[in-house]
>>> print(open('coords-v3.pdb').read())   # PDB, C-alpha atoms, pLDDT in the B column
ATOM      1  CA  GLY A  10     -16.797 -16.832  -9.974  1.00 72.00           C
ATOM      2  CA  GLU A  11     -13.900 -15.353  -8.032  1.00 79.00           C
ATOM      3  CA  ASN A  12     -14.441 -14.310  -4.420  1.00 88.00           C
ATOM      4  CA  VAL A  13     -11.975 -12.067  -2.601  1.00 93.00           C
ATOM      5  CA  GLU A  14     -12.075 -11.741   1.182  1.00 95.00           C
ATOM      6  CA  GLN A  15     -10.209  -8.855   2.817  1.00 96.00           C
ATOM      7  CA  HIS A  16      -9.373  -8.324   6.497  1.00 97.00           C
ATOM      8  CA  PRO A  17      -9.527  -6.285   8.593  1.00 97.00           C
ATOM      9  CA  SER A  18     -12.242  -3.866   7.511  1.00 94.00           C
ATOM     10  CA  THR A  19     -10.728  -1.117   9.674  1.00 96.00           C
ATOM     11  CA  LEU A  20      -7.206  -0.710  11.000  1.00 97.00           C
ATOM     12  CA  SER A  21      -5.861   2.004  13.248  1.00 98.00           C
ATOM     13  CA  VAL A  22      -2.112   2.346  13.903  1.00 98.00           C
ATOM     14  CA  GLN A  23       0.251   4.857  15.415  1.00 98.00           C
ATOM     15  CA  GLU A  24       2.550   6.790  13.121  1.00 98.00           C
ATOM     16  CA  GLY A  25       5.734   4.814  12.576  1.00 97.00           C
ATOM     17  CA  ASP A  26       4.128   1.432  13.230  1.00 97.00           C
ATOM     18  CA  SER A  27       3.564  -1.224  10.572  1.00 98.00           C
ATOM     19  CA  ALA A  28       0.213  -2.111   9.014  1.00 98.00           C
ATOM     20  CA  VAL A  29      -0.735  -5.438   7.473  1.00 98.00           C
ATOM     21  CA  ILE A  30      -3.835  -6.140   5.363  1.00 98.00           C
ATOM     22  CA  LYS A  31      -4.665  -9.660   4.291  1.00 98.00           C
ATOM     23  CA  CYS A  32      -6.703 -11.053   1.411  1.00 97.00           C
ATOM     24  CA  THR A  33      -7.726 -14.498   0.270  1.00 97.00           C
ATOM     25  CA  TYR A  34      -9.044 -15.507  -3.126  1.00 95.00           C
ATOM     26  CA  SER A  35     -11.007 -18.511  -4.295  1.00 92.00           C
ATOM     27  CA  ASP A  36     -10.102 -19.062  -7.960  1.00 87.00           C
ATOM     28  CA  SER A  37      -6.714 -20.731  -8.317  1.00 86.00           C
ATOM     29  CA  ALA A  38      -6.614 -19.483 -11.935  1.00 83.00           C
ATOM     30  CA  SER A  39      -6.262 -15.874 -10.796  1.00 86.00           C
ATOM     31  CA  ASN A  40      -2.810 -14.732 -11.797  1.00 85.00           C
ATOM     32  CA  TYR A  41      -2.385 -11.059 -10.947  1.00 88.00           C
ATOM     33  CA  PHE A  42      -3.022  -9.291  -7.633  1.00 92.00           C
ATOM     34  CA  PRO A  43      -3.039  -5.492  -7.520  1.00 92.00           C
ATOM     35  CA  TRP A  44      -3.514  -3.277  -4.491  1.00 95.00           C
ATOM     36  CA  TYR A  45      -5.278   0.057  -4.729  1.00 94.00           C
ATOM     37  CA  LYS A  46      -5.312   3.066  -2.445  1.00 96.00           C
ATOM     38  CA  GLN A  47      -8.371   5.277  -2.436  1.00 94.00           C
ATOM     39  CA  GLU A  48      -8.321   8.640  -0.719  1.00 93.00           C
ATOM     40  CA  LEU A  49     -11.589  10.255   0.263  1.00 89.00           C
ATOM     41  CA  GLY A  50     -13.582  11.381  -2.766  1.00 88.00           C
ATOM     42  CA  LYS A  51     -11.022  10.134  -5.259  1.00 91.00           C
ATOM     43  CA  ARG A  52     -10.633   7.210  -7.614  1.00 92.00           C
ATOM     44  CA  PRO A  53      -8.694   4.055  -6.674  1.00 92.00           C
ATOM     45  CA  GLN A  54      -5.022   4.296  -7.580  1.00 92.00           C
ATOM     46  CA  LEU A  55      -2.684   1.352  -8.060  1.00 91.00           C
ATOM     47  CA  ILE A  56       0.089   1.291  -5.446  1.00 94.00           C
ATOM     48  CA  ILE A  57       1.684  -2.114  -5.924  1.00 93.00           C
ATOM     49  CA  ASP A  58       0.955  -5.410  -7.615  1.00 91.00           C
ATOM     50  CA  ILE A  59       2.249  -8.950  -7.718  1.00 91.00           C
ATOM     51  CA  ARG A  60       1.956 -11.707 -10.287  1.00 87.00           C
ATOM     52  CA  SER A  61       1.470 -15.374  -9.638  1.00 81.00           C
ATOM     53  CA  ASN A  62       5.029 -16.275 -10.627  1.00 82.00           C
ATOM     54  CA  VAL A  63       6.467 -14.113  -7.801  1.00 82.00           C
ATOM     55  CA  GLY A  64       6.279 -14.618  -4.027  1.00 90.00           C
ATOM     56  CA  GLU A  65       7.159 -11.151  -2.805  1.00 94.00           C
ATOM     57  CA  LYS A  66       7.585  -7.633  -4.124  1.00 93.00           C
ATOM     58  CA  LYS A  67       8.750  -4.485  -2.387  1.00 96.00           C
ATOM     59  CA  ASP A  68       8.583  -0.814  -3.245  1.00 94.00           C
ATOM     60  CA  GLN A  69      10.094   1.450  -0.568  1.00 96.00           C
ATOM     61  CA  ARG A  70       7.794   1.204   2.483  1.00 97.00           C
ATOM     62  CA  ILE A  71       5.254  -1.040   0.789  1.00 98.00           C
ATOM     63  CA  ALA A  72       5.548  -4.765   0.202  1.00 97.00           C
ATOM     64  CA  VAL A  73       3.202  -7.466  -0.973  1.00 97.00           C
ATOM     65  CA  THR A  74       3.511 -11.213  -0.431  1.00 97.00           C
ATOM     66  CA  LEU A  75       1.687 -14.009  -2.217  1.00 95.00           C
ATOM     67  CA  ASN A  76       1.118 -17.600  -1.135  1.00 94.00           C
ATOM     68  CA  LYS A  77      -0.403 -19.398  -4.111  1.00 92.00           C
ATOM     69  CA  THR A  78      -0.844 -22.671  -2.266  1.00 92.00           C
ATOM     70  CA  ALA A  79      -2.920 -21.068   0.452  1.00 93.00           C
ATOM     71  CA  LYS A  80      -4.457 -18.571  -2.005  1.00 94.00           C
ATOM     72  CA  HIS A  81      -3.736 -15.544   0.078  1.00 95.00           C
ATOM     73  CA  PHE A  82      -1.778 -12.346  -0.337  1.00 97.00           C
ATOM     74  CA  SER A  83      -0.941  -9.501   1.997  1.00 98.00           C
ATOM     75  CA  LEU A  84      -0.005  -5.820   1.919  1.00 98.00           C
ATOM     76  CA  HIS A  85       2.633  -4.611   4.354  1.00 98.00           C
ATOM     77  CA  ILE A  86       3.228  -0.926   5.028  1.00 98.00           C
ATOM     78  CA  THR A  87       6.178  -0.066   7.252  1.00 97.00           C
ATOM     79  CA  GLU A  88       6.941   3.212   9.032  1.00 98.00           C
ATOM     80  CA  THR A  89       3.393   4.409   8.470  1.00 98.00           C
ATOM     81  CA  GLN A  90       2.718   8.110   7.994  1.00 97.00           C
ATOM     82  CA  PRO A  91      -0.510  10.126   8.326  1.00 96.00           C
ATOM     83  CA  GLU A  92      -0.698  10.416   4.521  1.00 96.00           C
ATOM     84  CA  ASP A  93      -1.015   6.624   4.352  1.00 97.00           C
ATOM     85  CA  SER A  94      -4.518   7.030   5.814  1.00 97.00           C
ATOM     86  CA  ALA A  95      -6.971   5.862   3.137  1.00 97.00           C
ATOM     87  CA  VAL A  96      -9.069   2.890   2.066  1.00 95.00           C
ATOM     88  CA  TYR A  97      -7.005   0.057   0.610  1.00 97.00           C
ATOM     89  CA  PHE A  98      -8.442  -2.534  -1.757  1.00 95.00           C
ATOM     90  CA  CYS A  99      -6.965  -5.814  -2.798  1.00 95.00           C
ATOM     91  CA  ALA A 100      -8.036  -7.410  -6.055  1.00 93.00           C
ATOM     92  CA  ALA A 101      -7.632 -10.668  -7.908  1.00 91.00           C
ATOM     93  CA  PHE A 102      -7.281 -10.594 -11.632  1.00 85.00           C
ATOM     94  CA  TYR A 103      -7.892 -13.440 -13.990  1.00 77.00           C
ATOM     95  CA  TYR A 104      -6.470 -13.235 -17.471  1.00 70.00           C
ATOM     96  CA  SER A 105      -7.383 -16.075 -19.799  1.00 66.00           C
ATOM     97  CA  GLY A 106      -5.975 -14.738 -23.044  1.00 66.00           C
ATOM     98  CA  GLY A 107      -7.049 -12.298 -25.732  1.00 66.00           C
ATOM     99  CA  SER A 108      -9.274  -9.620 -24.193  1.00 62.00           C
ATOM    100  CA  ASN A 109     -10.723 -11.821 -21.494  1.00 68.00           C
ATOM    101  CA  TYR A 110     -10.008 -10.183 -18.112  1.00 70.00           C
ATOM    102  CA  LYS A 111     -11.890 -10.268 -14.834  1.00 77.00           C
ATOM    103  CA  LEU A 112     -10.986  -8.075 -11.864  1.00 82.00           C
ATOM    104  CA  THR A 113     -12.627  -8.791  -8.505  1.00 87.00           C
ATOM    105  CA  PHE A 114     -12.117  -6.553  -5.466  1.00 90.00           C
ATOM    106  CA  GLY A 115     -12.108  -7.146  -1.752  1.00 92.00           C
ATOM    107  CA  LYS A 116     -14.390  -4.995   0.397  1.00 92.00           C
ATOM    108  CA  GLY A 117     -11.635  -2.635   1.460  1.00 93.00           C
ATOM    109  CA  THR A 118      -9.732  -1.707   4.618  1.00 96.00           C
ATOM    110  CA  LEU A 119      -9.976   1.748   6.137  1.00 95.00           C
ATOM    111  CA  LEU A 120      -6.478   2.505   7.451  1.00 97.00           C
ATOM    112  CA  THR A 121      -6.087   5.345   9.904  1.00 97.00           C
ATOM    113  CA  VAL A 122      -2.592   6.437  10.920  1.00 97.00           C
ATOM    114  CA  ASN A 123      -2.662   8.484  14.101  1.00 96.00           C
ATOM    115  CA  PRO A 124       0.059  11.144  14.527  1.00 93.00           C
TER
ATOM    116  CA  ASN B   2      -4.022  11.869 -22.955  1.00 54.00           C
ATOM    117  CA  ALA B   3      -7.069  12.035 -20.673  1.00 68.00           C
ATOM    118  CA  GLY B   4      -7.148   8.348 -19.647  1.00 91.00           C
ATOM    119  CA  VAL B   5     -10.642   7.367 -18.527  1.00 95.00           C
ATOM    120  CA  THR B   6     -13.290  10.100 -18.491  1.00 95.00           C
ATOM    121  CA  GLN B   7     -16.660   9.724 -16.793  1.00 96.00           C
ATOM    122  CA  THR B   8     -19.633  12.046 -16.958  1.00 95.00           C
ATOM    123  CA  PRO B   9     -21.418  13.388 -15.033  1.00 97.00           C
ATOM    124  CA  LYS B  10     -19.497  13.708 -11.744  1.00 95.00           C
ATOM    125  CA  PHE B  11     -22.635  14.249  -9.708  1.00 96.00           C
ATOM    126  CA  GLN B  12     -26.313  13.510 -10.345  1.00 97.00           C
ATOM    127  CA  VAL B  13     -29.528  13.573  -8.359  1.00 97.00           C
ATOM    128  CA  LEU B  14     -32.485  11.615  -9.729  1.00 97.00           C
ATOM    129  CA  LYS B  15     -36.027  11.098  -8.603  1.00 97.00           C
ATOM    130  CA  THR B  16     -37.251   7.533  -8.226  1.00 98.00           C
ATOM    131  CA  GLY B  17     -38.358   6.228 -11.616  1.00 97.00           C
ATOM    132  CA  GLN B  18     -36.272   8.608 -13.700  1.00 97.00           C
ATOM    133  CA  SER B  19     -33.759   7.292 -16.184  1.00 97.00           C
ATOM    134  CA  MET B  20     -30.237   8.366 -16.981  1.00 97.00           C
ATOM    135  CA  THR B  21     -27.081   7.246 -18.735  1.00 98.00           C
ATOM    136  CA  LEU B  22     -23.590   7.412 -17.288  1.00 98.00           C
ATOM    137  CA  GLN B  23     -20.950   7.933 -19.936  1.00 97.00           C
ATOM    138  CA  CYS B  24     -17.429   6.553 -19.960  1.00 97.00           C
ATOM    139  CA  ALA B  25     -14.726   7.038 -22.562  1.00 97.00           C
ATOM    140  CA  GLN B  26     -11.100   5.978 -22.686  1.00 95.00           C
ATOM    141  CA  ASP B  27      -8.415   7.114 -25.065  1.00 93.00           C
ATOM    142  CA  MET B  28      -5.867   4.380 -24.361  1.00 89.00           C
ATOM    143  CA  ASN B  29      -7.083   1.928 -27.005  1.00 88.00           C
ATOM    144  CA  HIS B  30      -7.987  -0.651 -24.343  1.00 87.00           C
ATOM    145  CA  ASN B  31     -10.176  -3.582 -25.258  1.00 86.00           C
ATOM    146  CA  SER B  32     -11.826  -4.185 -21.871  1.00 88.00           C
ATOM    147  CA  MET B  33     -14.046  -1.761 -19.974  1.00 92.00           C
ATOM    148  CA  TYR B  34     -15.894  -2.194 -16.703  1.00 93.00           C
ATOM    149  CA  TRP B  35     -18.566  -0.558 -14.568  1.00 96.00           C
ATOM    150  CA  TYR B  36     -18.378  -0.850 -10.769  1.00 95.00           C
ATOM    151  CA  ARG B  37     -20.477   0.563  -7.983  1.00 96.00           C
ATOM    152  CA  GLN B  38     -19.018   1.451  -4.616  1.00 94.00           C
ATOM    153  CA  ASP B  39     -21.067   1.439  -1.446  1.00 91.00           C
ATOM    154  CA  PRO B  40     -19.816   1.906   2.133  1.00 81.00           C
ATOM    155  CA  GLY B  41     -18.442  -1.349   3.494  1.00 75.00           C
ATOM    156  CA  MET B  42     -19.119  -3.189   0.228  1.00 77.00           C
ATOM    157  CA  GLY B  43     -16.014  -2.436  -1.773  1.00 84.00           C
ATOM    158  CA  LEU B  44     -16.200  -2.209  -5.544  1.00 90.00           C
ATOM    159  CA  ARG B  45     -18.811  -4.495  -7.036  1.00 92.00           C
ATOM    160  CA  LEU B  46     -18.856  -5.301 -10.728  1.00 91.00           C
ATOM    161  CA  ILE B  47     -22.075  -4.366 -12.526  1.00 95.00           C
ATOM    162  CA  TYR B  48     -21.252  -5.149 -16.147  1.00 94.00           C
ATOM    163  CA  TYR B  49     -18.155  -5.475 -18.236  1.00 91.00           C
ATOM    164  CA  SER B  50     -17.178  -5.534 -21.881  1.00 92.00           C
ATOM    165  CA  ALA B  51     -14.212  -7.711 -22.772  1.00 86.00           C
ATOM    166  CA  SER B  52     -14.048  -6.248 -26.251  1.00 85.00           C
ATOM    167  CA  GLU B  53     -16.007  -4.078 -28.648  1.00 88.00           C
ATOM    168  CA  GLY B  54     -19.343  -5.684 -29.392  1.00 88.00           C
ATOM    169  CA  THR B  55     -19.511  -7.870 -26.274  1.00 90.00           C
ATOM    170  CA  THR B  56     -20.978  -7.254 -22.816  1.00 93.00           C
ATOM    171  CA  ASP B  57     -21.415  -9.527 -19.821  1.00 91.00           C
ATOM    172  CA  LYS B  58     -23.096  -9.342 -16.445  1.00 92.00           C
ATOM    173  CA  GLY B  59     -21.073  -8.928 -13.326  1.00 89.00           C
ATOM    174  CA  GLU B  60     -22.011  -9.414  -9.689  1.00 88.00           C
ATOM    175  CA  VAL B  61     -24.861  -6.863  -9.434  1.00 95.00           C
ATOM    176  CA  PRO B  62     -26.426  -6.279 -12.899  1.00 97.00           C
ATOM    177  CA  ASN B  63     -30.096  -5.952 -11.932  1.00 97.00           C
ATOM    178  CA  GLY B  64     -31.584  -2.557 -12.773  1.00 97.00           C
ATOM    179  CA  TYR B  65     -28.821  -1.646 -15.229  1.00 98.00           C
ATOM    180  CA  ASN B  66     -28.104  -1.935 -18.925  1.00 97.00           C
ATOM    181  CA  VAL B  67     -24.912  -1.211 -20.814  1.00 97.00           C
ATOM    182  CA  SER B  68     -23.819  -0.361 -24.327  1.00 97.00           C
ATOM    183  CA  ARG B  69     -20.365  -0.709 -25.784  1.00 96.00           C
ATOM    184  CA  LEU B  70     -20.839   1.946 -28.412  1.00 87.00           C
ATOM    185  CA  ASN B  71     -17.375   1.554 -29.890  1.00 94.00           C
ATOM    186  CA  LYS B  72     -13.924   0.704 -28.590  1.00 93.00           C
ATOM    187  CA  ARG B  73     -13.656   4.005 -26.711  1.00 95.00           C
ATOM    188  CA  GLU B  74     -17.070   4.270 -25.089  1.00 96.00           C
ATOM    189  CA  PHE B  75     -18.980   2.139 -22.584  1.00 97.00           C
ATOM    190  CA  SER B  76     -22.191   3.557 -21.155  1.00 97.00           C
ATOM    191  CA  LEU B  77     -24.296   2.480 -18.172  1.00 98.00           C
ATOM    192  CA  ARG B  78     -28.033   3.104 -18.191  1.00 98.00           C
ATOM    193  CA  LEU B  79     -30.515   3.156 -15.349  1.00 97.00           C
ATOM    194  CA  GLU B  80     -33.968   2.771 -16.912  1.00 94.00           C
ATOM    195  CA  SER B  81     -35.992   3.383 -13.753  1.00 97.00           C
ATOM    196  CA  ALA B  82     -33.827   4.613 -10.902  1.00 97.00           C
ATOM    197  CA  ALA B  83     -34.425   3.320  -7.383  1.00 97.00           C
ATOM    198  CA  PRO B  84     -33.057   4.588  -4.042  1.00 97.00           C
ATOM    199  CA  SER B  85     -31.028   1.354  -3.777  1.00 96.00           C
ATOM    200  CA  GLN B  86     -29.013   2.576  -6.756  1.00 97.00           C
ATOM    201  CA  THR B  87     -27.665   5.513  -4.772  1.00 97.00           C
ATOM    202  CA  SER B  88     -23.941   4.897  -4.975  1.00 97.00           C
ATOM    203  CA  VAL B  89     -20.642   6.018  -6.443  1.00 96.00           C
ATOM    204  CA  TYR B  90     -20.069   4.543  -9.880  1.00 98.00           C
ATOM    205  CA  PHE B  91     -16.640   3.933 -11.369  1.00 96.00           C
ATOM    206  CA  CYS B  92     -15.759   3.064 -14.911  1.00 97.00           C
ATOM    207  CA  ALA B  93     -12.466   1.296 -15.550  1.00 94.00           C
ATOM    208  CA  SER B  94     -10.516   0.119 -18.556  1.00 91.00           C
ATOM    209  CA  ILE B  95      -8.022  -2.713 -18.466  1.00 83.00           C
ATOM    210  CA  THR B  96      -5.392  -3.861 -20.819  1.00 76.00           C
ATOM    211  CA  GLY B  97      -2.391  -6.073 -20.927  1.00 66.00           C
ATOM    212  CA  THR B  98      -1.011  -9.513 -20.872  1.00 63.00           C
ATOM    213  CA  PHE B  99       0.003 -11.724 -18.004  1.00 61.00           C
ATOM    214  CA  MET B 100       3.281  -9.877 -17.582  1.00 62.00           C
ATOM    215  CA  ASN B 101       2.014  -6.373 -18.146  1.00 66.00           C
ATOM    216  CA  THR B 102      -1.477  -5.562 -16.881  1.00 72.00           C
ATOM    217  CA  GLU B 103      -2.934  -2.197 -15.966  1.00 77.00           C
ATOM    218  CA  ALA B 104      -6.359  -1.039 -14.810  1.00 82.00           C
ATOM    219  CA  PHE B 105      -7.305   2.631 -14.975  1.00 89.00           C
ATOM    220  CA  PHE B 106     -10.316   4.211 -13.263  1.00 93.00           C
ATOM    221  CA  GLY B 107     -12.438   7.197 -14.137  1.00 95.00           C
ATOM    222  CA  GLN B 108     -12.992   9.872 -11.502  1.00 94.00           C
ATOM    223  CA  GLY B 109     -16.353   8.456 -10.430  1.00 95.00           C
ATOM    224  CA  THR B 110     -20.003   9.526 -10.571  1.00 96.00           C
ATOM    225  CA  ARG B 111     -21.817  10.200  -7.322  1.00 96.00           C
ATOM    226  CA  LEU B 112     -25.476   9.328  -7.907  1.00 97.00           C
ATOM    227  CA  THR B 113     -28.266  10.027  -5.446  1.00 97.00           C
ATOM    228  CA  VAL B 114     -31.775   8.703  -6.054  1.00 97.00           C
ATOM    229  CA  VAL B 115     -34.462  10.335  -3.929  1.00 97.00           C
TER
END
>>> encode(input="coords-v3.pdb", output="C-alpha cells")
Amino acid sequence: GENVEQHPSTLSVQEGDSAVIKCTYSDSASNYFPWYKQELGKRPQLIIDIRSNVGEKKDQRIAVTLNKTAKHFSLHITETQPEDSAVYFCAAFYYSGGSNYKLTFGKGTLLTVNP
Amino acid sequence: NAGVTQTPKFQVLKTGQSMTLQCAQDMNHNSMYWYRQDPGMGLRLIYYSASEGTTDKGEVPNGYNVSRLNKREFSLRLESAAPSQTSVYFCASITGTFMNTEAFFGQGTRLTVV
C-alpha cells in the first residue's frame, strides 16, 4: 500500500520567516496531494492541494510543489505568523475510479512560529 | 448542512468494555473512513468503506469492527476495549473525481481506556 513520509516532525521559525515541510510517497499511482492544518483540539482542515497534472500551486502565503518523478511534494509558507502555529499533515490520495479512494497521511509536522 | 457528525465527543471506558462510535454525513458521499490519531503517529487508517455495503481494512484494524449501515452512516465498534486503543478517532467522508476531490472530517472522539 501507499506509504507517506513527512519531514521534519517539528519545526520552529521566527515570525516573518519561511517554513518548508517535505513529503515523499511510494505509490506512483497516487494522483492527488492535499495538505491539512490541525489546530489543537480541532479536526484537520484542508489548506491547499495539488493534483498530479500540476507542478506548483500557490494561494497567498502558501504554496505547494510536486515532483512526480521523484515522488515528493512540499508545503511552503512564507511570511509566517503566530496563527500559522499548528500541526500540518500531508496526504497522498489514490483515486482509481468509481468510489474507490484511498487517503494516506504523513505523521505530521508541529510548526511553531515564535513572535 | 452539518457535514460529518461524530458522536460521542468524549468517552472513558474500562478495559474490556465495548462501545460504538457513530459517524454520519449528509453530503451524499460514497466513501467513509475511520482514522485514529496518536501523538507522533499522524492519522492512521483503521477501516474504510468505499461505498454502501462494502468495508475494507486499513493500516490498523485489529480490535475494531465497522458497519456501513447505509450511505449516511459508518460506525466503529470496539468489542473489548484495551488501553492501547486510547486515542482520538476521526471519521471522514470523501467524494469526487480526479479533478474535484474533497475530504471532510468529523470533529473527533477522544477515547480513554483505563
>>> closest_residue(input="coords-v3.pdb", among="B:Ser50, B:Ser85, B:Thr16, B:Asn29", to="chain A", atoms="all atoms listed in the file")
B:Ser50
>>> atom_distance(input="coords-v3.pdb", atom1="CA of Gln15 in chain A", atom2="CA of Thr113 in chain B")
27.4 Å
>>> resolve_selection(input="coords-v3.pdb", expression="the PyMOL selection byres ((chain B) within 6 of (chain A))", output="ChimeraX atom specification")
/B:42-44,51,108
>>> residues_near_point(input="coords-v3.pdb", point="(-21.4, 3.6, -19.3)", cutoff="10 Å", atoms="all atoms listed in the file", output="MDAnalysis selection string")
chainID B and resid 7:8 21:25 33:35 48:49 65:70 74:79 90:93
>>> write_last_selection(input="coords-v3.pdb", atoms="C-alpha atoms", output="PDB file, keeping the file's coordinate frame")
ATOM      1  CA  GLN B   7     -16.660   9.724 -16.793  1.00 96.00           C
ATOM      2  CA  THR B   8     -19.633  12.046 -16.958  1.00 95.00           C
ATOM      3  CA  THR B  21     -27.081   7.246 -18.735  1.00 98.00           C
ATOM      4  CA  LEU B  22     -23.590   7.412 -17.288  1.00 98.00           C
ATOM      5  CA  GLN B  23     -20.950   7.933 -19.936  1.00 97.00           C
ATOM      6  CA  CYS B  24     -17.429   6.553 -19.960  1.00 97.00           C
ATOM      7  CA  ALA B  25     -14.726   7.038 -22.562  1.00 97.00           C
ATOM      8  CA  MET B  33     -14.046  -1.761 -19.974  1.00 92.00           C
ATOM      9  CA  TYR B  34     -15.894  -2.194 -16.703  1.00 93.00           C
ATOM     10  CA  TRP B  35     -18.566  -0.558 -14.568  1.00 96.00           C
ATOM     11  CA  TYR B  48     -21.252  -5.149 -16.147  1.00 94.00           C
ATOM     12  CA  TYR B  49     -18.155  -5.475 -18.236  1.00 91.00           C
ATOM     13  CA  TYR B  65     -28.821  -1.646 -15.229  1.00 98.00           C
ATOM     14  CA  ASN B  66     -28.104  -1.935 -18.925  1.00 97.00           C
ATOM     15  CA  VAL B  67     -24.912  -1.211 -20.814  1.00 97.00           C
ATOM     16  CA  SER B  68     -23.819  -0.361 -24.327  1.00 97.00           C
ATOM     17  CA  ARG B  69     -20.365  -0.709 -25.784  1.00 96.00           C
ATOM     18  CA  LEU B  70     -20.839   1.946 -28.412  1.00 87.00           C
ATOM     19  CA  GLU B  74     -17.070   4.270 -25.089  1.00 96.00           C
ATOM     20  CA  PHE B  75     -18.980   2.139 -22.584  1.00 97.00           C
ATOM     21  CA  SER B  76     -22.191   3.557 -21.155  1.00 97.00           C
ATOM     22  CA  LEU B  77     -24.296   2.480 -18.172  1.00 98.00           C
ATOM     23  CA  ARG B  78     -28.033   3.104 -18.191  1.00 98.00           C
ATOM     24  CA  LEU B  79     -30.515   3.156 -15.349  1.00 97.00           C
ATOM     25  CA  TYR B  90     -20.069   4.543  -9.880  1.00 98.00           C
ATOM     26  CA  PHE B  91     -16.640   3.933 -11.369  1.00 96.00           C
ATOM     27  CA  CYS B  92     -15.759   3.064 -14.911  1.00 97.00           C
ATOM     28  CA  ALA B  93     -12.466   1.296 -15.550  1.00 94.00           C
TER      29      ALA B  93
END
>>> residues_near_point(input="coords-v3.pdb", point="(-8.2, 6.0, -24.0)", cutoff="12 Å", atoms="all atoms listed in the file", output="ChimeraX atom specification")
/B:2-7,24-33,71-75,93-96,104-107
>>> atom_distance(input="coords-v3.pdb", atom1="CA of Pro91 in chain A", atom2="CA of Ser27 in chain A")
12.3 Å
>>> residues_around(input="coords-v3.pdb", residues="Ile56 in chain A", least_positions_apart="3", cutoff="7 Å", atoms="all atoms listed in the file", output="number ranges by chain")
A: 44-46
>>> residues_around(input="coords-v3.pdb", residues="Asp68 in chain A", least_positions_apart="3", cutoff="8 Å", atoms="all atoms listed in the file", output="list in words")
Ile57, Ile71 and Ala72 of chain A
>>> write_last_selection(input="coords-v3.pdb", atoms="C-alpha atoms", output="tab-separated table (two decimals), keeping the file's coordinate frame")
chain	number	residue	atom	x	y	z
A	57	ILE	CA	1.68	-2.11	-5.92
A	71	ILE	CA	5.25	-1.04	0.79
A	72	ALA	CA	5.55	-4.76	0.20
>>> atom_distance(input="coords-v3.pdb", atom1="CA of Val122 in chain A", atom2="CA of His16 in chain A")
16.8 Å
>>> closest_residue(input="coords-v3.pdb", among="B:Thr87, B:Asn63, B:Ser81, B:Thr55", to="Gly17 in chain B", atoms="all atoms listed in the file")
B:Ser81
>>> closest_residue(input="coords-v3.pdb", among="B:Arg111, B:Met20, B:Gly59, B:Lys10", to="Ala82 in chain B", atoms="all atoms listed in the file")
B:Met20
>>> decode(input="coords-v3.pdb", residues="range 18-31 of chain B", atoms="N, CA and C atoms", output="CSV table (one decimal), in the first residue's frame")
chain,number,residue,atom,x,y,z
B,18,GLN,N,-14.6,-3.2,28.3
B,18,GLN,CA,-15.9,-2.7,27.9
B,18,GLN,C,-16.0,-2.5,26.4
B,19,SER,N,-17.2,-2.5,25.9
B,19,SER,CA,-17.4,-2.3,24.5
B,19,SER,C,-18.1,-0.9,24.2
B,20,MET,N,-18.0,-0.4,23.1
B,20,MET,CA,-18.7,0.8,22.7
B,20,MET,C,-18.7,1.0,21.2
B,21,THR,N,-19.6,1.8,20.7
B,21,THR,CA,-19.7,2.1,19.3
B,21,THR,C,-19.6,3.6,19.0
B,22,LEU,N,-18.7,4.0,18.1
B,22,LEU,CA,-18.6,5.4,17.7
B,22,LEU,C,-19.4,5.5,16.5
B,23,GLN,N,-20.2,6.6,16.5
B,23,GLN,CA,-21.1,6.8,15.4
B,23,GLN,C,-20.6,7.9,14.5
B,24,CYS,N,-20.8,7.8,13.2
B,24,CYS,CA,-20.5,8.8,12.2
B,24,CYS,C,-21.6,8.9,11.2
B,25,ALA,N,-22.0,10.1,10.9
B,25,ALA,CA,-23.0,10.3,9.9
B,25,ALA,C,-22.6,11.5,9.0
B,26,GLN,N,-22.9,11.4,7.7
B,26,GLN,CA,-22.6,12.5,6.8
B,26,GLN,C,-23.9,12.8,6.0
B,27,ASP,N,-24.1,14.1,5.7
B,27,ASP,CA,-25.2,14.5,5.0
B,27,ASP,C,-24.9,15.0,3.6
B,28,MET,N,-23.7,14.7,3.1
B,28,MET,CA,-23.3,15.2,1.8
B,28,MET,C,-23.4,14.2,0.6
B,29,ASN,N,-24.1,13.1,0.9
B,29,ASN,CA,-24.3,12.1,-0.1
B,29,ASN,C,-23.0,11.5,-0.7
B,30,HIS,N,-22.0,11.4,0.2
B,30,HIS,CA,-20.7,10.9,-0.2
B,30,HIS,C,-20.7,9.3,-0.2
B,31,ASN,N,-20.0,8.7,-1.2
B,31,ASN,CA,-20.0,7.3,-1.2
B,31,ASN,C,-19.0,6.7,-0.2
